[in-house]
$ cat my_file-v3.tsv   # TSV, C-alpha atoms
chain	number	residue	atom	x	y	z
C	1	MET	CA	-30.73	158.84	-141.90
C	2	LEU	CA	-31.24	155.13	-142.56
C	3	ALA	CA	-34.95	155.70	-143.03
C	4	TYR	CA	-34.19	158.49	-145.52
C	5	VAL	CA	-31.81	156.32	-147.54
C	6	LEU	CA	-34.29	153.44	-147.55
C	7	GLY	CA	-36.94	155.86	-148.73
C	8	LEU	CA	-34.74	156.91	-151.66
C	9	ALA	CA	-34.12	153.30	-152.58
C	10	ALA	CA	-37.84	152.56	-152.54
C	11	ALA	CA	-38.57	155.65	-154.61
C	12	CYS	CA	-35.93	154.68	-157.15
C	13	GLN	CA	-37.40	151.20	-157.60
C	14	ALA	CA	-41.12	151.66	-157.05
C	15	TRP	CA	-42.27	155.31	-157.13
C	16	PRO	CA	-44.47	156.02	-160.17
C	17	SER	CA	-42.26	158.65	-161.80
C	18	TYR	CA	-43.79	162.11	-162.30
C	19	GLY	CA	-44.16	161.42	-165.99
C	20	GLY	CA	-44.50	157.67	-166.21
C	21	LEU	CA	-41.08	157.32	-167.90
C	22	ARG	CA	-38.84	154.35	-167.14
C	23	ASP	CA	-35.77	154.54	-164.95
C	24	PRO	CA	-32.69	152.58	-166.07
C	25	GLY	CA	-32.41	149.08	-164.64
C	26	ASN	CA	-29.34	150.12	-162.65
C	27	CYS	CA	-31.25	152.73	-160.63
C	28	ASN	CA	-29.85	152.26	-157.13
C	29	PRO	CA	-28.82	155.31	-155.05
C	30	LEU	CA	-27.27	153.02	-152.42
C	31	ALA	CA	-24.78	151.61	-154.93
C	32	LYS	CA	-23.89	154.75	-156.90
C	33	ASP	CA	-21.73	157.49	-155.43
C	34	SER	CA	-19.91	158.45	-158.65
C	35	HIS	CA	-21.64	159.93	-161.69
C	36	PRO	CA	-19.99	160.66	-165.07
C	37	ALA	CA	-20.30	164.34	-165.96
C	38	PHE	CA	-21.00	166.04	-169.28
C	39	ALA	CA	-18.52	168.71	-168.09
C	40	GLY	CA	-19.17	171.25	-170.81
C	41	LYS	CA	-21.25	171.41	-173.97
C	42	ARG	CA	-22.61	168.32	-175.71
C	43	THR	CA	-25.05	167.93	-178.59
C	44	PHE	CA	-26.88	164.90	-179.91
C	45	ASN	CA	-28.52	165.32	-183.30
C	46	PHE	CA	-31.08	162.62	-184.06
C	47	GLU	CA	-31.16	163.63	-187.73
C	48	GLY	CA	-29.06	161.06	-189.56
C	49	ALA	CA	-28.51	159.02	-186.38
C	50	SER	CA	-29.21	155.32	-185.95
C	51	TYR	CA	-29.31	152.71	-183.19
C	52	ASN	CA	-25.54	152.31	-183.25
C	53	GLN	CA	-22.54	152.58	-180.94
C	54	ASP	CA	-22.64	156.40	-180.84
C	55	PHE	CA	-26.30	156.32	-179.85
C	56	GLU	CA	-25.67	153.75	-177.12
C	57	LYS	CA	-22.69	155.71	-175.75
C	58	PHE	CA	-24.93	158.73	-175.23
C	59	TRP	CA	-28.27	157.14	-174.28
C	60	ILE	CA	-29.57	154.33	-172.09
C	61	VAL	CA	-32.77	152.83	-173.52
C	62	ASP	CA	-35.28	151.33	-171.09
C	63	ASN	CA	-35.24	147.53	-170.98
C	64	GLN	CA	-38.68	147.05	-172.53
C	65	THR	CA	-37.91	149.27	-175.52
C	66	SER	CA	-34.40	147.85	-176.02
C	67	GLN	CA	-36.07	144.46	-176.55
C	68	ASP	CA	-38.49	145.94	-179.08
C	69	ARG	CA	-36.53	148.50	-181.07
C	70	GLY	CA	-39.47	148.99	-183.40
C	71	ARG	CA	-40.73	151.63	-180.96
C	72	LEU	CA	-37.79	153.82	-182.04
C	73	LYS	CA	-37.60	154.98	-185.66
C	74	PHE	CA	-34.85	157.11	-187.16
C	75	GLY	CA	-35.10	159.14	-190.35
C	76	ASP	CA	-37.93	160.58	-192.46
C	77	GLY	CA	-36.79	164.11	-191.57
C	78	ASN	CA	-38.24	163.86	-188.06
C	79	GLY	CA	-35.13	162.85	-186.16
C	80	LEU	CA	-36.06	160.09	-183.73
C	81	GLU	CA	-39.71	159.00	-183.61
C	82	VAL	CA	-40.84	157.32	-180.37
C	83	SER	CA	-44.10	155.36	-180.53
C	84	LEU	CA	-46.69	153.71	-178.31
C	85	THR	CA	-48.83	150.86	-179.65
C	86	GLU	CA	-50.40	149.42	-176.49
C	87	GLN	CA	-50.87	149.91	-172.75
C	88	LYS	CA	-47.99	150.00	-170.25
C	89	GLN	CA	-45.40	151.10	-172.77
C	90	ALA	CA	-43.16	154.08	-171.98
C	91	PRO	CA	-40.17	154.31	-174.34
C	92	THR	CA	-37.51	156.30	-172.51
C	93	LEU	CA	-34.03	157.57	-173.36
C	94	THR	CA	-31.77	158.44	-170.40
C	95	SER	CA	-28.36	160.06	-170.79
C	96	HIS	CA	-25.37	158.13	-169.45
C	97	GLN	CA	-23.86	161.37	-168.19
C	98	TYR	CA	-25.05	163.89	-165.62
C	99	LEU	CA	-25.01	167.67	-165.25
C	100	LEU	CA	-24.74	169.71	-162.06
C	101	PHE	CA	-26.43	172.98	-163.04
C	102	GLY	CA	-26.71	173.88	-166.68
C	103	LYS	CA	-28.97	174.36	-169.67
C	104	VAL	CA	-30.76	171.68	-171.70
C	105	THR	CA	-32.52	172.50	-174.99
C	106	VAL	CA	-34.60	169.95	-176.91
C	107	ARG	CA	-36.26	170.28	-180.30
C	108	ALA	CA	-39.38	168.12	-180.12
C	109	ARG	CA	-42.84	167.40	-181.52
C	110	ALA	CA	-45.42	165.96	-179.15
C	111	ALA	CA	-47.58	162.88	-179.70
C	112	LYS	CA	-51.23	163.59	-180.59
C	113	GLY	CA	-54.13	161.94	-178.79
C	114	PRO	CA	-55.98	161.89	-175.46
C	115	GLY	CA	-53.88	160.44	-172.67
C	116	MET	CA	-50.55	160.98	-174.46
C	117	VAL	CA	-47.77	162.74	-172.50
C	118	SER	CA	-44.53	163.67	-174.30
C	119	THR	CA	-41.84	164.51	-171.77
C	120	ILE	CA	-38.44	166.23	-171.45
C	121	VAL	CA	-36.86	165.74	-168.04
C	122	LEU	CA	-33.90	166.43	-165.80
C	123	LYS	CA	-33.87	163.86	-163.00
C	124	SER	CA	-31.49	163.04	-160.14
C	125	ASP	CA	-30.97	159.68	-158.48
C	126	SER	CA	-32.58	161.13	-155.33
C	127	GLY	CA	-35.83	161.77	-157.20
C	128	ASP	CA	-35.60	165.52	-157.86
C	129	GLU	CA	-37.22	166.22	-161.24
C	130	ILE	CA	-37.52	169.24	-163.51
C	131	ASP	CA	-39.57	168.74	-166.66
C	132	TRP	CA	-41.57	169.87	-169.63
C	133	GLU	CA	-44.74	167.88	-170.45
C	134	MET	CA	-46.82	168.22	-173.62
C	135	LEU	CA	-50.31	166.71	-173.48
C	136	GLY	CA	-51.57	165.13	-176.69
C	137	ALA	CA	-55.15	166.20	-176.00
C	138	TYR	CA	-54.33	169.92	-176.02
C	139	GLN	CA	-52.30	171.07	-179.00
C	140	ASN	CA	-51.38	174.65	-178.12
C	141	GLN	CA	-49.83	174.34	-174.67
C	142	ALA	CA	-47.02	172.87	-172.59
C	143	GLN	CA	-46.58	172.39	-168.83
C	144	SER	CA	-43.57	172.81	-166.54
C	145	ASN	CA	-43.00	170.95	-163.26
C	146	TYR	CA	-40.54	170.57	-160.40
C	147	TYR	CA	-40.70	167.70	-157.92
C	148	PHE	CA	-38.55	167.35	-154.81
C	149	ASN	CA	-37.60	163.73	-153.99
C	150	GLY	CA	-40.46	162.56	-156.21
C	151	GLN	CA	-43.05	164.71	-154.43
C	152	PRO	CA	-44.78	167.77	-155.93
C	153	LEU	CA	-44.46	171.16	-154.28
C	154	PHE	CA	-47.62	173.23	-154.05
C	155	ASN	CA	-46.37	176.03	-156.31
C	156	THR	CA	-44.04	174.44	-158.86
C	157	PHE	CA	-46.04	171.91	-160.87
C	158	ASN	CA	-48.56	171.87	-163.72
C	159	THR	CA	-47.86	175.46	-164.75
C	160	THR	CA	-49.37	175.73	-168.25
C	161	TYR	CA	-48.19	177.99	-171.09
C	162	ALA	CA	-49.68	178.81	-174.48
C	163	ILE	CA	-47.71	177.88	-177.59
C	164	SER	CA	-48.06	179.84	-180.84
C	165	SER	CA	-48.72	176.74	-182.96
C	166	SER	CA	-49.61	173.10	-182.49
C	167	SER	CA	-47.29	171.09	-180.24
C	168	TYR	CA	-48.01	167.91	-182.21
C	169	ASP	CA	-48.12	169.30	-185.74
C	170	ASP	CA	-44.98	171.44	-185.39
C	171	PHE	CA	-41.58	171.12	-183.77
C	172	HIS	CA	-40.84	173.49	-180.88
C	173	THR	CA	-37.74	174.19	-178.82
C	174	TYR	CA	-38.05	173.54	-175.07
C	175	THR	CA	-35.34	174.76	-172.68
C	176	ILE	CA	-34.63	174.24	-168.99
C	177	GLU	CA	-31.87	176.20	-167.24
C	178	TRP	CA	-30.98	175.19	-163.68
C	179	THR	CA	-28.52	176.83	-161.28
C	180	ASP	CA	-28.17	177.19	-157.52
C	181	LYS	CA	-30.13	180.46	-157.80
C	182	PHE	CA	-32.93	179.92	-160.33
C	183	LEU	CA	-34.93	177.51	-162.50
C	184	LYS	CA	-35.81	178.96	-165.89
C	185	PHE	CA	-38.22	177.52	-168.49
C	186	SER	CA	-38.30	178.74	-172.11
C	187	ILE	CA	-40.18	177.82	-175.30
C	188	ASP	CA	-38.82	178.71	-178.74
C	189	GLY	CA	-36.26	181.01	-177.14
C	190	SER	CA	-38.88	182.96	-175.16
C	191	GLU	CA	-38.59	182.95	-171.39
C	192	ARG	CA	-41.81	181.65	-169.83
C	193	LYS	CA	-41.10	181.13	-166.12
C	194	ILE	CA	-38.35	181.68	-163.56
C	195	TRP	CA	-38.35	180.28	-160.04
C	196	GLN	CA	-35.82	182.03	-157.80
C	197	HIS	CA	-34.04	180.49	-154.84
C	198	GLY	CA	-36.24	181.31	-151.85
C	199	GLU	CA	-39.51	180.85	-153.72
C	200	ILE	CA	-38.64	177.18	-153.50
C	201	PRO	CA	-37.45	176.43	-149.93
C	202	ALA	CA	-33.66	176.17	-149.72
C	203	GLU	CA	-33.84	172.64	-148.34
C	204	LYS	CA	-35.97	171.57	-151.33
C	205	TRP	CA	-33.86	173.15	-154.06
C	206	PRO	CA	-32.45	170.62	-156.58
C	207	GLN	CA	-28.78	170.20	-155.63
C	208	THR	CA	-27.65	166.79	-156.92
C	209	PRO	CA	-26.48	165.82	-160.44
C	210	MET	CA	-29.19	165.08	-162.99
C	211	GLN	CA	-29.56	162.96	-166.11
C	212	VAL	CA	-31.50	164.03	-169.20
C	213	LYS	CA	-34.54	161.91	-170.09
C	214	LEU	CA	-36.76	161.96	-173.18
C	215	GLY	CA	-39.83	159.85	-173.73
C	216	LEU	CA	-43.51	159.21	-174.18
C	217	TRP	CA	-46.08	157.63	-171.87
C	218	ALA	CA	-49.86	157.32	-171.64
C	219	VAL	CA	-52.50	157.76	-168.97
C	220	GLU	CA	-54.75	154.68	-168.88
C	221	GLY	CA	-58.22	153.76	-167.69
C	222	TYR	CA	-56.79	152.16	-164.55
C	223	ASN	CA	-55.27	155.52	-163.45
C	224	ASP	CA	-57.17	157.73	-161.04
C	225	PRO	CA	-59.98	159.92	-162.46
C	226	GLY	CA	-58.11	163.14	-161.78
C	227	GLU	CA	-55.12	162.03	-163.82
C	228	ILE	CA	-57.39	160.91	-166.67
C	229	ALA	CA	-59.15	164.28	-166.66
C	230	TRP	CA	-55.79	166.10	-166.62
C	231	ALA	CA	-54.62	164.12	-169.68
C	232	GLY	CA	-57.85	164.78	-171.60
C	233	GLY	CA	-59.03	161.18	-171.46
C	234	VAL	CA	-57.47	157.83	-172.32
C	235	PRO	CA	-56.01	156.61	-175.63
C	236	ASP	CA	-58.10	154.92	-178.29
C	237	TRP	CA	-55.62	152.20	-179.19
C	238	ARG	CA	-57.44	151.59	-182.46
C	239	SER	CA	-55.69	154.79	-183.63
C	240	LYS	CA	-52.18	153.49	-182.87
C	241	PRO	CA	-49.35	154.18	-183.20
C	242	PHE	CA	-49.06	157.38	-181.16
C	243	THR	CA	-45.76	159.05	-181.98
C	244	ALA	CA	-43.58	161.82	-180.56
C	245	ALA	CA	-40.40	163.01	-182.29
C	246	PHE	CA	-37.09	164.45	-181.07
C	247	ARG	CA	-34.72	166.20	-183.48
C	248	SER	CA	-31.88	167.38	-181.28
C	249	VAL	CA	-30.62	167.81	-177.72
C	250	GLU	CA	-28.16	170.51	-176.66
C	251	ILE	CA	-26.66	170.23	-173.19
C	252	GLU	CA	-24.45	172.75	-171.41
C	253	ASP	CA	-23.23	171.35	-168.09
C	254	TYR	CA	-22.10	174.13	-165.73
C	255	THR	CA	-20.17	171.37	-163.91
C	256	GLY	CA	-21.08	172.50	-160.41
C	257	TRP	CA	-19.38	175.85	-161.16
C	258	CYS	CA	-16.06	174.22	-162.00
C	259	GLU	CA	-14.16	176.82	-164.00
C	260	GLU	CA	-11.35	174.58	-165.25
C	261	VAL	CA	-11.31	170.82	-165.76
C	262	GLU	CA	-8.46	168.42	-166.34
C	263	ALA	CA	-8.10	166.38	-169.49
C	264	GLY	CA	-9.96	163.09	-169.20
C	265	PRO	CA	-13.18	161.98	-167.49
C	266	VAL	CA	-14.94	164.22	-164.98
C	267	GLU	CA	-17.18	162.73	-162.30
C	268	TYR	CA	-19.60	163.92	-159.64
C	269	GLN	CA	-19.12	162.18	-156.29
C	270	TYR	CA	-21.34	162.42	-153.23
C	271	ASP	CA	-23.04	160.30	-150.57
C	272	ASP	CA	-25.79	160.62	-147.96
C	273	ARG	CA	-23.65	162.97	-145.85
C	274	MET	CA	-23.98	165.84	-148.33
C	275	LYS	CA	-25.91	168.90	-147.20
C	276	GLY	CA	-25.88	170.89	-150.43
C	277	TRP	CA	-24.49	171.16	-153.95
C	278	ALA	CA	-21.10	172.40	-152.71
C	279	ASP	CA	-20.63	168.99	-151.02
C	280	VAL	CA	-20.75	167.28	-154.41
C	281	ARG	CA	-17.11	166.65	-155.35
C	282	VAL	CA	-16.21	167.34	-158.97
C	283	ALA	CA	-13.44	164.83	-159.63
C	284	GLY	CA	-11.24	166.18	-162.40
C	285	CYS	CA	-11.87	169.85	-161.58
C	286	ARG	CA	-8.80	172.07	-161.25
C	287	LYS	CA	-10.54	175.31	-160.26
C	288	ARG	CA	-14.02	175.70	-158.82
C	289	ARG	CA	-16.03	178.76	-157.92
C	290	ALA	CA	-16.44	179.16	-154.17
C	291	PRO	CA	-19.93	178.52	-152.74
C	292	GLY	CA	-21.87	181.67	-151.97
C	293	LEU	CA	-20.82	183.56	-155.10
C	294	THR	CA	-23.78	184.67	-157.17
C	295	ALA	CA	-24.60	182.46	-160.12
C	296	PRO	CA	-25.04	184.20	-163.48
C	297	ALA	CA	-28.49	185.72	-163.88
C	298	PRO	CA	-30.79	184.17	-166.48
C	299	SER	CA	-29.89	185.34	-169.97
C	300	GLY	CA	-31.66	188.56	-170.86
C	301	THR	CA	-32.28	189.48	-167.21
C	302	SER	CA	-30.48	191.09	-164.31
C	303	SER	CA	-29.76	189.57	-160.91
C	304	SER	CA	-32.86	191.32	-159.59
C	305	THR	CA	-35.16	189.44	-161.95
C	306	THR	CA	-38.49	188.52	-160.40
C	307	SER	CA	-40.22	185.20	-160.91
C	308	ALA	CA	-43.58	186.53	-162.03
C	309	ALA	CA	-44.50	184.73	-165.25
C	310	SER	CA	-46.56	186.53	-167.84
C	311	SER	CA	-50.01	185.05	-168.07
C	312	THR	CA	-52.62	184.71	-170.75
C	313	LYS	CA	-55.63	182.52	-171.26
C	314	VAL	CA	-55.00	179.53	-173.53
C	315	SER	CA	-57.71	180.49	-175.98
C	316	ASN	CA	-56.78	177.91	-178.61
C	317	ALA	CA	-56.61	174.89	-176.30
C	318	GLU	CA	-58.91	173.12	-173.89
C	319	PRO	CA	-58.43	174.58	-170.37
C	320	THR	CA	-56.72	172.15	-168.03
C	321	ASN	CA	-57.42	173.83	-164.70
C	322	LYS	CA	-59.53	171.23	-162.89
C	323	GLY	CA	-60.25	173.37	-159.86
C	324	GLY	CA	-56.81	174.59	-158.73
C	325	ASP	CA	-56.01	178.27	-158.24
C	326	ASN	CA	-53.35	180.34	-159.93
C	327	ASN	CA	-51.51	181.28	-156.75
C	328	GLY	CA	-52.57	184.88	-156.97
C	329	ASP	CA	-51.06	185.49	-160.38
C	330	ASP	CA	-53.71	187.62	-162.06
C	331	SER	CA	-51.42	189.21	-164.64
C	332	ASP	CA	-52.60	189.03	-168.22
C	333	GLU	CA	-49.70	189.99	-170.47
C	334	ASP	CA	-48.00	188.03	-173.26
C	335	GLU	CA	-47.99	184.25	-172.96
C	336	GLY	CA	-48.14	181.56	-170.30
C	337	SER	CA	-50.68	180.94	-167.58
C	338	GLY	CA	-51.08	180.59	-163.85
C	339	MET	CA	-50.57	177.48	-161.77
C	340	ILE	CA	-52.69	174.43	-162.56
C	341	LEU	CA	-53.47	171.89	-159.84
C	342	ALA	CA	-54.37	168.55	-161.38
C	343	PRO	CA	-56.45	166.34	-159.07
C	344	SER	CA	-54.14	163.41	-159.78
C	345	VAL	CA	-51.16	165.31	-158.43
C	346	SER	CA	-53.02	165.95	-155.19
C	347	LEU	CA	-53.49	162.22	-154.77
C	348	VAL	CA	-49.83	161.61	-155.53
C	349	LEU	CA	-48.89	164.17	-152.87
C	350	ILE	CA	-51.03	162.41	-150.28
C	351	ALA	CA	-49.45	159.09	-151.21
C	352	GLY	CA	-45.98	160.63	-150.93
C	353	ILE	CA	-46.69	162.02	-147.47
C	354	TYR	CA	-48.02	158.65	-146.34
C	355	SER	CA	-44.91	156.96	-147.75
C	356	THR	CA	-42.66	159.41	-145.91
C	357	TRP	CA	-44.44	158.75	-142.59
C	358	PHE	CA	-44.15	155.00	-143.20
C	359	PHE	CA	-40.39	155.09	-143.70
C	360	TRP	CA	-39.82	157.39	-140.75
$ encode --input "my_file-v3.tsv" --output "structure tokens"
Amino acid sequence: MLAYVLGLAAACQAWPSYGGLRDPGNCNPLAKDSHPAFAGKRTFNFEGASYNQDFEKFWIVDNQTSQDRGRLKFGDGNGLEVSLTEQKQAPTLTSHQYLLFGKVTVRARAAKGPGMVSTIVLKSDSGDEIDWEMLGAYQNQAQSNYYFNGQPLFNTFNTTYAISSSSYDDFHTYTIEWTDKFLKFSIDGSERKIWQHGEIPAEKWPQTPMQVKLGLWAVEGYNDPGEIAWAGGVPDWRSKPFTAAFRSVEIEDYTGWCEEVEAGPVEYQYDDRMKGWADVRVAGCRKRRAPGLTAPAPSGTSSSTTSAASSTKVSNAEPTNKGGDNNGDDSDEDEGSGMILAPSVSLVLIAGIYSTWFFW
């Protein structure tokens, strides 16, 4: 157990996050066993917002960006614009509060340019990550990912979907819904992928509270060749700034299936003895659904919904499959595509396995 905890601490401080976004400076799973909960529905509208007390109550800004607020621009009808002007920048917003199962919907426009990665993330302190990524080199697609403890699973990352119009000329709505039974990804209200419990091993299912993260990062020439190829090249900084925009965030925290909360703050509490989501205590919960009861099925589906995603070729965007297979998904229906295996992710997986052996 000690080796596991030390591994989490090292991942929190040093692991190159799935999307290159920054973790808050207080990232320390050894010191945090209580997490403030959204506990219901919350919305943050960037239209008309500013870098004020309300903004700072909702969001943590990474240290580098908080010292150079020029990377964040409010107004002009685009909500919040987040910009890169040079290497090693990664402006990141992280919510103060956490959700334990729920739905997150973000209205966003991606940054344009090779190497640019605009990202919408749910991330736990243990390193579990669920995300949308929009690559600036390919304007008519988006990718979904799930990582367990910072490590990619063979069948849940770099799944690419077609978008009806440009991701960096137009705003689109990206949704992630997460329960103890399924992970659901949607674009503009259209369901694109569902992973059911069992398709992801039970022991690798995300079961700890997660924060919401928004941001922009860039692949650089010093990254491995596979990652550069995946991102469509590296930025030409003579074309700076590179800018993504976020208009709104809607969060519905299912509160670990708490059905009634008390007035006042609600917190998630757990430590390294937990074995599953039911071991996460919801402080401030009066009535909680018993573990084992079926979670609500994804909206618009029944409890027997399968996980097969519709698949189509991304005819209006550069293909990003660099040699991976599509896991046997040969369907060719409405929108979406099969699994994409980026070479860079393979290298990250090898590094993660080596790191795990080292700590054990």
$ residues_around --input "my_file-v3.tsv" --residues "Val106 (chain C)" --least-positions-apart "4" --cutoff "7 Å" --atoms "all atoms listed in the file" --output "list of chain:residue names"
C:Thr173, C:Tyr174, C:Thr175, C:Ser248, C:Val249, C:Glu250
$ closest_residue --input "my_file-v3.tsv" --among "C:Phe148, C:Tyr161, C:Phe44, C:Tyr222" --to "Pro201 (chain C)" --atoms "all atoms listed in the file"
C:Phe148
$ atom_distance --input "my_file-v3.tsv" --atom1 "CA of Ser239 (chain C)" --atom2 "CA of Asn145 (chain C)"
28.9 Å
$ closest_residue --input "my_file-v3.tsv" --among "C:Ser66, C:Asn223, C:Gln97, C:Asn158" --to "His35 (chain C)" --atoms "only C-alpha atoms"
C:Gln97
$ closest_residue --input "my_file-v3.tsv" --among "C:Asn52, C:Thr43, C:Ser144, C:Thr119" --to "Thr156 (chain C)" --atoms "only C-alpha atoms"
C:Ser144
$ closest_residue --input "my_file-v3.tsv" --among "C:Asn78, C:Ser34, C:Gln67, C:Gln143" --to "Ile187 (chain C)" --atoms "all atoms listed in the file"
C:Gln143
$ closest_atom_pairs --input "my_file-v3.tsv" --of "region 190-218 of chain C" --to "region 122-127 of chain C" --cutoff "9 Å" --atoms "all atoms listed in the file" --output "tab-separated table"
residue	atom	partner	partner_atom	distance
C:Pro206	CA	C:Ser124	CA	8.4
C:Gln207	CA	C:Ser124	CA	8.9
C:Thr208	CA	C:Ser124	CA	6.3
C:Pro209	CA	C:Ser124	CA	5.7
C:Met210	CA	C:Ser124	CA	4.2
C:Gln211	CA	C:Lys123	CA	5.4
C:Val212	CA	C:Leu122	CA	4.8
C:Lys213	CA	C:Leu122	CA	6.3
$ residues_around --input "my_file-v3.tsv" --residues "Asp180 (chain C)" --least-positions-apart "5" --cutoff "8 Å" --atoms "all atoms listed in the file" --output "list of chain:residue names"
C:Phe101, C:His197, C:Trp205, C:Pro206, C:Gln207, C:Trp277, C:Ala295
$ atom_distance --input "my_file-v3.tsv" --atom1 "CA of Val282 (chain C)" --atom2 "CA of Glu267 (chain C)"
5.8 Å
$ atom_distance --input "my_file-v3.tsv" --atom1 "CA of Gly189 (chain C)" --atom2 "CA of Gly215 (chain C)"
21.7 Å
$ closest_residue --input "my_file-v3.tsv" --among "C:Arg281, C:Lys112, C:Arg273, C:Arg247" --to "Ser83 (chain C)" --atoms "only C-alpha atoms"
C:Lys112
$ residues_around --input "my_file-v3.tsv" --residues "Glu220 (chain C)" --least-positions-apart "4" --cutoff "8 Å" --atoms "only C-alpha atoms" --output "list in words"
Gln87, Gly115, Ile228, Val234 and Pro235 of chain C
$ residues_around --input "my_file-v3.tsv" --residues "Leu100 (chain C)" --least-positions-apart "6" --cutoff "9 Å" --atoms "all atoms listed in the file" --output "MDAnalysis selection string"
chainID C and resid 37:39 178:179 207:210 253:257 268 277 280
$ closest_residue --input "my_file-v3.tsv" --among "C:Tyr168, C:Gly102, C:Asp224, C:Gly77" --to "Lys181 (chain C)" --atoms "all atoms listed in the file"
C:Gly102
$ decode --input "my_file-v3.tsv" --residues "region 224-238 of chain C" --atoms "N, CA, C and O atoms" --output "CSV table (one decimal), in the first residue's frame"
chain,number,residue,atom,x,y,z
C,224,ASP,N,8.1,13.4,-28.2
C,224,ASP,CA,8.4,12.3,-29.0
C,224,ASP,C,7.7,12.4,-30.4
C,224,ASP,O,6.7,13.0,-30.6
C,225,PRO,N,8.3,11.8,-31.4
C,225,PRO,CA,7.8,11.9,-32.8
C,225,PRO,C,6.4,11.4,-33.0
C,225,PRO,O,5.6,12.0,-33.8
C,226,GLY,N,6.0,10.4,-32.2
C,226,GLY,CA,4.6,9.9,-32.3
C,226,GLY,C,3.6,11.0,-31.8
C,226,GLY,O,2.6,11.2,-32.4
C,227,GLU,N,3.9,11.7,-30.8
C,227,GLU,CA,3.1,12.7,-30.3
C,227,GLU,C,3.0,13.9,-31.2
C,227,GLU,O,1.9,14.5,-31.4
C,228,ILE,N,4.1,14.2,-31.8
C,228,ILE,CA,4.1,15.3,-32.8
C,228,ILE,C,3.2,14.9,-34.0
C,228,ILE,O,2.5,15.8,-34.5
C,229,ALA,N,3.4,13.7,-34.5
C,229,ALA,CA,2.5,13.3,-35.6
C,229,ALA,C,1.1,13.3,-35.2
C,229,ALA,O,0.2,13.7,-36.0
C,230,TRP,N,0.7,12.8,-34.0
C,230,TRP,CA,-0.7,12.8,-33.6
C,230,TRP,C,-1.2,14.2,-33.6
C,230,TRP,O,-2.4,14.4,-34.0
C,231,ALA,N,-0.4,15.2,-33.2
C,231,ALA,CA,-0.9,16.6,-33.1
C,231,ALA,C,-0.8,17.4,-34.4
C,231,ALA,O,-1.1,18.5,-34.4
C,232,GLY,N,-0.4,16.7,-35.5
C,232,GLY,CA,-0.3,17.3,-36.8
C,232,GLY,C,0.8,18.3,-36.9
C,232,GLY,O,0.8,19.2,-37.8
C,233,GLY,N,1.9,18.1,-36.1
C,233,GLY,CA,3.1,18.9,-36.2
C,233,GLY,C,3.3,19.8,-35.0
C,233,GLY,O,2.6,19.6,-34.0
C,234,VAL,N,4.1,20.7,-35.1
C,234,VAL,CA,4.4,21.6,-34.0
C,234,VAL,C,4.0,23.1,-34.3
C,234,VAL,O,3.9,23.4,-35.5
C,235,PRO,N,3.8,23.9,-33.3
C,235,PRO,CA,3.3,25.3,-33.6
C,235,PRO,C,4.4,26.1,-34.3
C,235,PRO,O,5.6,26.0,-34.1
C,236,ASP,N,3.9,27.0,-35.2
C,236,ASP,CA,4.8,28.1,-35.8
C,236,ASP,C,4.5,29.3,-34.9
C,236,ASP,O,3.5,30.0,-35.1
C,237,TRP,N,5.4,29.6,-34.0
C,237,TRP,CA,5.1,30.6,-33.0
C,237,TRP,C,5.1,32.0,-33.6
C,237,TRP,O,4.7,33.0,-33.0
C,238,ARG,N,5.5,32.1,-34.9
C,238,ARG,CA,5.4,33.4,-35.6
C,238,ARG,C,3.9,33.8,-35.8
C,238,ARG,O,3.6,34.9,-36.1
